[in-house]
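> Here it is, the structure, as structure tokens.
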Amino acid sequence: MPAIQETIEQVKEIDVDQYKYGFVTDIEMELAPKGLSEDIVRFISAKKDEPEWMLEWRLDAFRRWKTMEEPTWARVDYPKIDFEDLYYYAAPKSAPGPKSLDEVDPELLETYKKLGIPLSEQAVLAGVEGARVAVDAVFDSVSVVTTFKDELAKSGVIFCSISEAVREHPELVKKYLGSVVPTTDNFYATLNAAVFSDGSFVYIPKGVRCPMELSTYFRINEEKTGQFERTLIIADEGSYVSYLEGCTAPMRDENQLHAAVVELVTHDDAEIKYSTVQNWYPGNSEGKGGIYNFVTKRGDCRGKNSKISWTQVETGSAITWKYPSCILRGENSRGEFYSIAISNGKQQVDSGTKMIHLGKNSSSRIISKGISAGRSQNTYRGLVSAHRKASGARNFTQCDSLLIGDQCGAHTVPYIESKNSTAVFEHEATTSKISDDQMFYCQQRGMTDEEAIALIVNGFVRDVIQQLPMEFMAETQKLIGISLEGSVG
Amino acid sequence: MLQIKNLHANVDGNEILRGINLTIKPGEVHAIMGPNGSGKSTLSYVLAGKDDYEITEGEILFKGEDLLEMAPDERAAAGVFLAFQYPIEIPGVATMTFLRTAMNAQRKARGEAELNTPDFMKIVKQKASELNVSPEMLKRPLNVGFSGGEKKRNEIMQMALLEPTLCVMDETDSGLDIDALRVVSDGVNALRNSERGMLVITHYQRLLDHIVPDVVHVMSAGKIVKSGGKELALELEENGYADFVNAA
């Protein structure tokens, strides 16, 4: 497989650290004063030119957040975060809001070019002739550009930054924002509601199949800055959209906080396919630095026969705390969760999903592949529940863990609750190690340690890789090899 | 091309090989026979470079180089191939993907360019059909759910693809019915040439009816106790190993 070969070559090119997105963009930034208060919330809202109702919504969340406590139930360990020592708003001075491409600061365009993100509308993804992807590029607290907006508008698709949506499409934002993840949901979601800075907004009208892949690319650049993005995607009756998000950050010694909220809504017969390739800076091999990735993602299958599918590839972040979930409200609605979570060095991952079956004959499928290497800890935590009205609910869960070396840990914490006797839930779990025999067999055929591990791990995650949009499969295979660099020997 | 001199090897402190001497010249096929526990498989693993063995004495020269100094993947790139007695399963990795990764890894180690997809496919398809390996089997995960015969044919197909100069086959006949044995043997015989050396490890004379060796060795208690021509195998078939075991 050429991707594996390329992986090995790429790994060799990186001599200091395997993280290749660790550079810093030197650009003049506007920062809010450090710390968190009602004034900061007002500051952010004013920066974004928000209407009064939006400010009230934020302030309400902020007051509630003051009364909440940080959750401690996850199997992760980190020093207490000083929320007063963070910047809650950071924006490139040159980019107060999304503009057309030719107005964007060349320094920013260069940044995304280095990251391999096609911001030019003529750009073609590597190796895929004619594949076009519309991109919303979020740099620290603001969206710097959204591509293909005009072309998408021809089909009635709205794709813009959430700040713009608040101003331009208030009726949609009012109706849906917070309707899946309420402002009261949890500590980090509530914090996000108070200070969210930017993110993407997508609306697919009735009966429209979105003509291209949509994607958002998140980049944290500034020091001591929290990124709090908010994404809202609505698929109206009979519509379809495939959406991909990618994330990177510079290598910095201190930890940085990323607390996002993503809300998805599907109406009757609509489908959203949401894919994530999360590659935030994971910290160095001693566990210094890296992103705290505390994210609330939830989809609401509101209509009958609606479908939401989450696919995630989690290789970055010092700590990941993330459970993309589905509320299966509609009759015959379907939720899917496909996950690859790789931890190496001293990374800690506590991730999984919740499938809440409310509607009749709703079904869900969970395929989780956890890979732990180095001295990392990797936990799958999942809930499958059936409401008493959810007759005929079905779930299939498969949770596989792979251990590399003998100093890492894999943990599986499944919760199953059923209040309806006709619900059928299946759960399968395996834990395995890459065996010495497998390594020796590959080596005897000529592969080095790293080539052998990349091959075996890519085999282990194959079921999930196949769920990714085709353009990103090869990229992901490479990323897996790079993430596991240094996991042996 | 292969010279084994006074080779001693331990596993967990137990001496398994106790002074092996063996020389294989280019083009020769050597067979090693012997009872269970005599050290035959250990010898094959030591040649391939498996970790679990401690070499306490002796040396192995391969094309004049010190084989024991080389890592397993370096030995493979230098031309040492081991057909495993129990081929290993790798879930999720299509057989085709495995073959391609292995081939290109070796080519890279030797400083050669990678094969492009059409060339690779052409070679694989040809070798596969010679060994009755179906295209469907090439798509299945490596050795997962393969029958005994499929696993062994797959080993020999890999050997044909990788074109090693030293082929070590560890009980390649075990688990094969008569028809499969013929297919596998034909595959091996097709690889015989004046440059390539082979070491065939087996319990049974049966395999040697198909792959006719130049030299037969009898191994017992970690030593080669007798060497002779192909007629030695027939003698063993008739009288068993008892005489040699006692002699050792």
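Chain labels follow the order of the structure tokens: the first chain is A, the next B, and so on; residue numbering restarts at 1 in every chain, and ligands are counted from 1 in their shown order.
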Identify, on the basis of only C-alpha atoms, every residue whose closest approach to Met96 (chain B) does not exceed 9 Å; exclude the query and any residue fewer than 5 positions from it along the same chain; express the result as a ChimeraX atom specification.

/A:1 /B:101,121,124,137-142

> Produce a file of the selected residues containing N, CA and C atoms, as a PDB file, in the first residue's frame.


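Here's the written file out_13.pdb:
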```
ATOM      1  N   MET A   1       0.843  -1.210   0.000  1.00  0.00           N
ATOM      2  CA  MET A   1       0.000   0.000   0.000  1.00  0.00           C
ATOM      3  C   MET A   1       0.871   1.250   0.000  1.00  0.00           C
TER       4      MET A   1
ATOM      5  N   THR B 101       3.172  -4.396   0.347  1.00  0.00           N
ATOM      6  CA  THR B 101       3.982  -3.724   1.366  1.00  0.00           C
ATOM      7  C   THR B 101       5.315  -4.446   1.541  1.00  0.00           C
ATOM      8  N   MET B 121       0.311  -5.760 -10.025  1.00  0.00           N
ATOM      9  CA  MET B 121      -0.870  -6.599 -10.224  1.00  0.00           C
ATOM     10  C   MET B 121      -0.576  -7.727 -11.211  1.00  0.00           C
ATOM     11  N   VAL B 124       1.568 -10.412  -9.454  1.00  0.00           N
ATOM     12  CA  VAL B 124       0.805 -11.158  -8.454  1.00  0.00           C
ATOM     13  C   VAL B 124      -0.168 -12.117  -9.124  1.00  0.00           C
ATOM     14  N   MET B 137      -9.156 -14.854  -2.838  1.00  0.00           N
ATOM     15  CA  MET B 137      -8.301 -15.118  -1.675  1.00  0.00           C
ATOM     16  C   MET B 137      -7.329 -13.958  -1.442  1.00  0.00           C
ATOM     17  N   LEU B 138      -6.899 -13.318  -2.525  1.00  0.00           N
ATOM     18  CA  LEU B 138      -5.964 -12.191  -2.385  1.00  0.00           C
ATOM     19  C   LEU B 138      -6.613 -10.997  -1.698  1.00  0.00           C
ATOM     20  N   LYS B 139      -7.951 -10.947  -1.759  1.00  0.00           N
ATOM     21  CA  LYS B 139      -8.658  -9.824  -1.130  1.00  0.00           C
ATOM     22  C   LYS B 139      -8.923 -10.087   0.342  1.00  0.00           C
ATOM     23  N   ARG B 140      -8.893 -11.359   0.733  1.00  0.00           N
ATOM     24  CA  ARG B 140      -9.205 -11.672   2.144  1.00  0.00           C
ATOM     25  C   ARG B 140      -8.045 -11.254   3.044  1.00  0.00           C
ATOM     26  N   PRO B 141      -8.392 -10.967   4.331  1.00  0.00           N
ATOM     27  CA  PRO B 141      -7.319 -10.616   5.276  1.00  0.00           C
ATOM     28  C   PRO B 141      -6.306 -11.753   5.383  1.00  0.00           C
ATOM     29  N   LEU B 142      -5.049 -11.403   5.507  1.00  0.00           N
ATOM     30  CA  LEU B 142      -3.960 -12.354   5.435  1.00  0.00           C
ATOM     31  C   LEU B 142      -4.117 -13.530   6.413  1.00  0.00           C
TER      32      LEU B 142
END
```

> Distance limit 6 Å, atoms considered: only C-alpha atoms. Which chain B residues sit that close to chain A? Return them as a ChimeraX atom specification.

/B:72-73,76-77,92-93,97,101-102,105-106

> Please identify all polymer residues within 10 Å of Asp173 (chain B), counting only C-alpha atoms, omitting same-chain residues fewer than 5 positions from it, and present them as a list of chain:residue names.

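My reading of the contact set: B:Gln85, B:Gly148, B:Gly149, B:Lys152, B:Ile178, B:Ala180, B:Leu181, B:Arg182, B:Val184, B:Ser185, B:Val200, B:Ile201, B:Thr202, B:His203, B:Tyr204, B:Arg206, B:Leu207, B:Leu208.
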
> With N, CA and C atoms retained, export the selected residues as a PDB file, in the first residue's frame.


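selection_15.pdb, freshly written:
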```
ATOM      1  N   GLN B  85       5.789 -22.752   9.347  1.00  0.00           N
ATOM      2  CA  GLN B  85       4.972 -23.939   9.587  1.00  0.00           C
ATOM      3  C   GLN B  85       3.550 -23.507   9.936  1.00  0.00           C
ATOM      4  N   GLY B 148      -5.735 -24.942   5.967  1.00  0.00           N
ATOM      5  CA  GLY B 148      -4.318 -25.298   6.043  1.00  0.00           C
ATOM      6  C   GLY B 148      -3.647 -25.226   4.681  1.00  0.00           C
ATOM      7  N   GLY B 149      -4.338 -25.749   3.670  1.00  0.00           N
ATOM      8  CA  GLY B 149      -3.781 -25.760   2.311  1.00  0.00           C
ATOM      9  C   GLY B 149      -3.621 -24.346   1.764  1.00  0.00           C
ATOM     10  N   LYS B 152      -0.552 -22.594   3.219  1.00  0.00           N
ATOM     11  CA  LYS B 152       0.730 -23.063   2.694  1.00  0.00           C
ATOM     12  C   LYS B 152       0.937 -22.603   1.248  1.00  0.00           C
ATOM     13  N   ILE B 178      -3.041 -34.744  -0.726  1.00  0.00           N
ATOM     14  CA  ILE B 178      -2.171 -35.128  -1.837  1.00  0.00           C
ATOM     15  C   ILE B 178      -2.162 -34.086  -2.959  1.00  0.00           C
ATOM     16  N   ALA B 180      -3.000 -30.838  -2.834  1.00  0.00           N
ATOM     17  CA  ALA B 180      -2.379 -29.579  -2.419  1.00  0.00           C
ATOM     18  C   ALA B 180      -0.866 -29.753  -2.352  1.00  0.00           C
ATOM     19  N   LEU B 181      -0.433 -30.919  -1.902  1.00  0.00           N
ATOM     20  CA  LEU B 181       0.999 -31.196  -1.821  1.00  0.00           C
ATOM     21  C   LEU B 181       1.642 -31.077  -3.199  1.00  0.00           C
ATOM     22  N   ARG B 182       0.930 -31.559  -4.210  1.00  0.00           N
ATOM     23  CA  ARG B 182       1.474 -31.504  -5.563  1.00  0.00           C
ATOM     24  C   ARG B 182       1.579 -30.051  -6.042  1.00  0.00           C
ATOM     25  N   VAL B 184       1.838 -27.339  -4.247  1.00  0.00           N
ATOM     26  CA  VAL B 184       2.895 -26.650  -3.498  1.00  0.00           C
ATOM     27  C   VAL B 184       4.276 -27.098  -3.998  1.00  0.00           C
ATOM     28  N   SER B 185       4.439 -28.402  -4.183  1.00  0.00           N
ATOM     29  CA  SER B 185       5.728 -28.919  -4.632  1.00  0.00           C
ATOM     30  C   SER B 185       6.091 -28.398  -6.022  1.00  0.00           C
ATOM     31  N   VAL B 200      14.782 -27.656   3.184  1.00  0.00           N
ATOM     32  CA  VAL B 200      13.427 -28.178   3.347  1.00  0.00           C
ATOM     33  C   VAL B 200      13.369 -28.992   4.630  1.00  0.00           C
ATOM     34  N   ILE B 201      12.565 -28.550   5.568  1.00  0.00           N
ATOM     35  CA  ILE B 201      12.447 -29.263   6.838  1.00  0.00           C
ATOM     36  C   ILE B 201      11.165 -30.081   6.794  1.00  0.00           C
ATOM     37  N   THR B 202      11.269 -31.362   7.081  1.00  0.00           N
ATOM     38  CA  THR B 202      10.060 -32.199   7.029  1.00  0.00           C
ATOM     39  C   THR B 202      10.204 -33.428   7.916  1.00  0.00           C
ATOM     40  N   HIS B 203       9.048 -33.982   8.272  1.00  0.00           N
ATOM     41  CA  HIS B 203       9.025 -35.255   8.995  1.00  0.00           C
ATOM     42  C   HIS B 203       8.997 -36.434   8.034  1.00  0.00           C
ATOM     43  N   TYR B 204       8.442 -36.157   6.842  1.00  0.00           N
ATOM     44  CA  TYR B 204       8.062 -37.279   6.005  1.00  0.00           C
ATOM     45  C   TYR B 204       8.801 -37.324   4.678  1.00  0.00           C
ATOM     46  N   ARG B 206       7.471 -38.421   2.099  1.00  0.00           N
ATOM     47  CA  ARG B 206       6.459 -38.099   1.092  1.00  0.00           C
ATOM     48  C   ARG B 206       6.773 -36.817   0.320  1.00  0.00           C
ATOM     49  N   LEU B 207       7.118 -35.738   1.045  1.00  0.00           N
ATOM     50  CA  LEU B 207       7.385 -34.450   0.393  1.00  0.00           C
ATOM     51  C   LEU B 207       8.585 -34.563  -0.546  1.00  0.00           C
ATOM     52  N   LEU B 208       9.561 -35.421  -0.125  1.00  0.00           N
ATOM     53  CA  LEU B 208      10.814 -35.513  -0.885  1.00  0.00           C
ATOM     54  C   LEU B 208      10.662 -36.335  -2.160  1.00  0.00           C
TER      55      LEU B 208
END
```

> Mind checking DSSP for region 130-344 of chain A and telling me the strand (DSSP E) residues as number ranges by chain?

A: 133-139, 142-146, 158-161, 200-204, 213-219, 230-235, 240-248, 255-258, 261-266, 271-278, 290-301, 307-314, 319-322, 325-328, 334-343

> To one decimal place in Å, what is the distance between CA of Ser376 (chain A) and CA of Tyr292 (chain A)?

14.7 Å

> Quick one: residues within 6 Å of Asn305 (chain A), only C-alpha atoms counted, chain neighbours fewer than 5 positions away excluded, as JSON, numbers by chain?

{"A": [268, 269, 332, 333]}

> Tell me, which residues of region 38-206 of chain B carry DSSP alpha helix (DSSP H), written as a PyMOL selection string?

chain B and resi 40-48+72-78+95-109+117-130+135-139+148-162+178-190+205-206

> Neighbours of Ile233 (chain A) within 7 Å (only C-alpha atoms; same-chain residues fewer than 2 positions away dropped), as a PDB file with N, CA and C atoms, in the first residue's frame?


```
ATOM      1  N   PHE A 201     -21.912  27.361  10.211  1.00  0.00           N
ATOM      2  CA  PHE A 201     -23.352  27.198  10.172  1.00  0.00           C
ATOM      3  C   PHE A 201     -23.724  26.622   8.808  1.00  0.00           C
ATOM      4  N   VAL A 202     -24.540  25.587   8.835  1.00  0.00           N
ATOM      5  CA  VAL A 202     -24.953  24.960   7.575  1.00  0.00           C
ATOM      6  C   VAL A 202     -26.458  24.739   7.607  1.00  0.00           C
ATOM      7  N   TYR A 203     -27.106  25.146   6.543  1.00  0.00           N
ATOM      8  CA  TYR A 203     -28.533  24.817   6.379  1.00  0.00           C
ATOM      9  C   TYR A 203     -28.746  24.228   4.991  1.00  0.00           C
ATOM     10  N   THR A 231     -20.748  24.892  16.186  1.00  0.00           N
ATOM     11  CA  THR A 231     -21.161  24.493  14.845  1.00  0.00           C
ATOM     12  C   THR A 231     -22.611  24.041  14.898  1.00  0.00           C
ATOM     13  N   ALA A 235     -30.306  19.790   8.526  1.00  0.00           N
ATOM     14  CA  ALA A 235     -30.678  19.154   7.257  1.00  0.00           C
ATOM     15  C   ALA A 235     -32.197  19.062   7.242  1.00  0.00           C
ATOM     16  N   GLU A 263     -23.912  20.959  17.105  1.00  0.00           N
ATOM     17  CA  GLU A 263     -25.305  20.502  17.119  1.00  0.00           C
ATOM     18  C   GLU A 263     -25.731  20.145  15.698  1.00  0.00           C
ATOM     19  N   LEU A 264     -26.341  18.979  15.561  1.00  0.00           N
ATOM     20  CA  LEU A 264     -26.855  18.555  14.256  1.00  0.00           C
ATOM     21  C   LEU A 264     -28.355  18.278  14.391  1.00  0.00           C
ATOM     22  N   VAL A 265     -29.110  18.671  13.370  1.00  0.00           N
ATOM     23  CA  VAL A 265     -30.538  18.365  13.370  1.00  0.00           C
ATOM     24  C   VAL A 265     -30.907  17.781  12.010  1.00  0.00           C
TER      25      VAL A 265
END
```

> In terms of the shortest atom-to-atom distance over only C-alpha atoms, which of B:Ser129, B:Gly222, B:Thr172, B:Lys40 is closest to Asn10 (chain B)?

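Ranking B:Ser129, B:Gly222, B:Thr172, B:Lys40 by distance to Asn10 (chain B), first place goes to B:Gly222.
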
> Leaving out region 29-35 of chain A and any residue of its chain fewer than 3 positions from it, which residues lie within 8 Å of it when counting only C-alpha atoms, given as a list in words?

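Listed by chain and then number, they are Ile40, Phe43, Ile44, Phe83, Glu84, Asp85, Leu86, Tyr87, Tyr88, Tyr89, Ala90, Ala91, Pro92 and Lys93 of chain A.
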
> If you count only C-alpha atoms, which residues fall within 8 Å of Ile308 (chain A), apart from same-chain ones fewer than 4 positions away, as a list in words?

Thr266, Glu271, Ile272, Lys273, Tyr274, Gly299, Asp300, Cys301, Cys326, Arg334, Gly335 and Glu336 of chain A

> Restricted to N, CA, C and O atoms, what would the selected residues look like written as an mmCIF file, in the first residue's frame?


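Generated file (part_20.cif):
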```cif
data_model
loop_
_atom_site.group_PDB
_atom_site.id
_atom_site.type_symbol
_atom_site.label_atom_id
_atom_site.label_comp_id
_atom_site.auth_asym_id
_atom_site.auth_seq_id
_atom_site.Cartn_x
_atom_site.Cartn_y
_atom_site.Cartn_z
ATOM 1 N N THR A 266 -31.548 16.615 12.030
ATOM 2 C CA THR A 266 -32.068 16.073 10.763
ATOM 3 C C THR A 266 -33.587 15.942 10.861
ATOM 4 O O THR A 266 -34.108 15.387 11.826
ATOM 5 N N GLU A 271 -30.330 13.267 6.004
ATOM 6 C CA GLU A 271 -29.141 12.581 6.502
ATOM 7 C C GLU A 271 -27.960 13.543 6.615
ATOM 8 O O GLU A 271 -27.696 14.334 5.707
ATOM 9 N N ILE A 272 -27.249 13.451 7.742
ATOM 10 C CA ILE A 272 -25.993 14.183 7.904
ATOM 11 C C ILE A 272 -24.896 13.173 8.177
ATOM 12 O O ILE A 272 -25.026 12.302 9.038
ATOM 13 N N LYS A 273 -23.829 13.310 7.419
ATOM 14 C CA LYS A 273 -22.644 12.480 7.665
ATOM 15 C C LYS A 273 -21.563 13.434 8.144
ATOM 16 O O LYS A 273 -21.173 14.344 7.413
ATOM 17 N N TYR A 274 -21.128 13.264 9.364
ATOM 18 C CA TYR A 274 -20.197 14.209 9.982
ATOM 19 C C TYR A 274 -18.889 13.492 10.290
ATOM 20 O O TYR A 274 -18.862 12.530 11.046
ATOM 21 N N GLY A 299 -26.258 14.965 17.930
ATOM 22 C CA GLY A 299 -27.157 15.090 16.794
ATOM 23 C C GLY A 299 -28.552 14.687 17.215
ATOM 24 O O GLY A 299 -28.723 13.798 18.055
ATOM 25 N N ASP A 300 -29.538 15.340 16.624
ATOM 26 C CA ASP A 300 -30.923 15.036 16.937
ATOM 27 C C ASP A 300 -31.605 14.552 15.660
ATOM 28 O O ASP A 300 -31.835 15.342 14.738
ATOM 29 N N CYS A 301 -31.900 13.254 15.618
ATOM 30 C CA CYS A 301 -32.651 12.709 14.483
ATOM 31 C C CYS A 301 -34.121 13.009 14.763
ATOM 32 O O CYS A 301 -34.836 12.182 15.323
ATOM 33 N N CYS A 326 -26.226 10.571 19.463
ATOM 34 C CA CYS A 326 -27.420 10.715 18.643
ATOM 35 C C CYS A 326 -28.659 10.549 19.507
ATOM 36 O O CYS A 326 -28.763 9.590 20.282
ATOM 37 N N ARG A 334 -31.936 6.570 12.428
ATOM 38 C CA ARG A 334 -30.736 5.747 12.549
ATOM 39 C C ARG A 334 -29.542 6.591 12.975
ATOM 40 O O ARG A 334 -29.303 7.677 12.433
ATOM 41 N N GLY A 335 -28.803 6.077 13.933
ATOM 42 C CA GLY A 335 -27.587 6.752 14.371
ATOM 43 C C GLY A 335 -26.389 5.834 14.183
ATOM 44 O O GLY A 335 -26.492 4.620 14.379
ATOM 45 N N GLU A 336 -25.265 6.427 13.770
ATOM 46 C CA GLU A 336 -24.051 5.621 13.604
ATOM 47 C C GLU A 336 -22.867 6.342 14.231
ATOM 48 O O GLU A 336 -22.790 7.573 14.177
#
```

> May I ask which of the residues B:Ala160, B:Ala94, B:Val225, B:Leu232 is the closest one to Pro135 (chain B), counting only C-alpha atoms?

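Closest candidate: B:Ala94.
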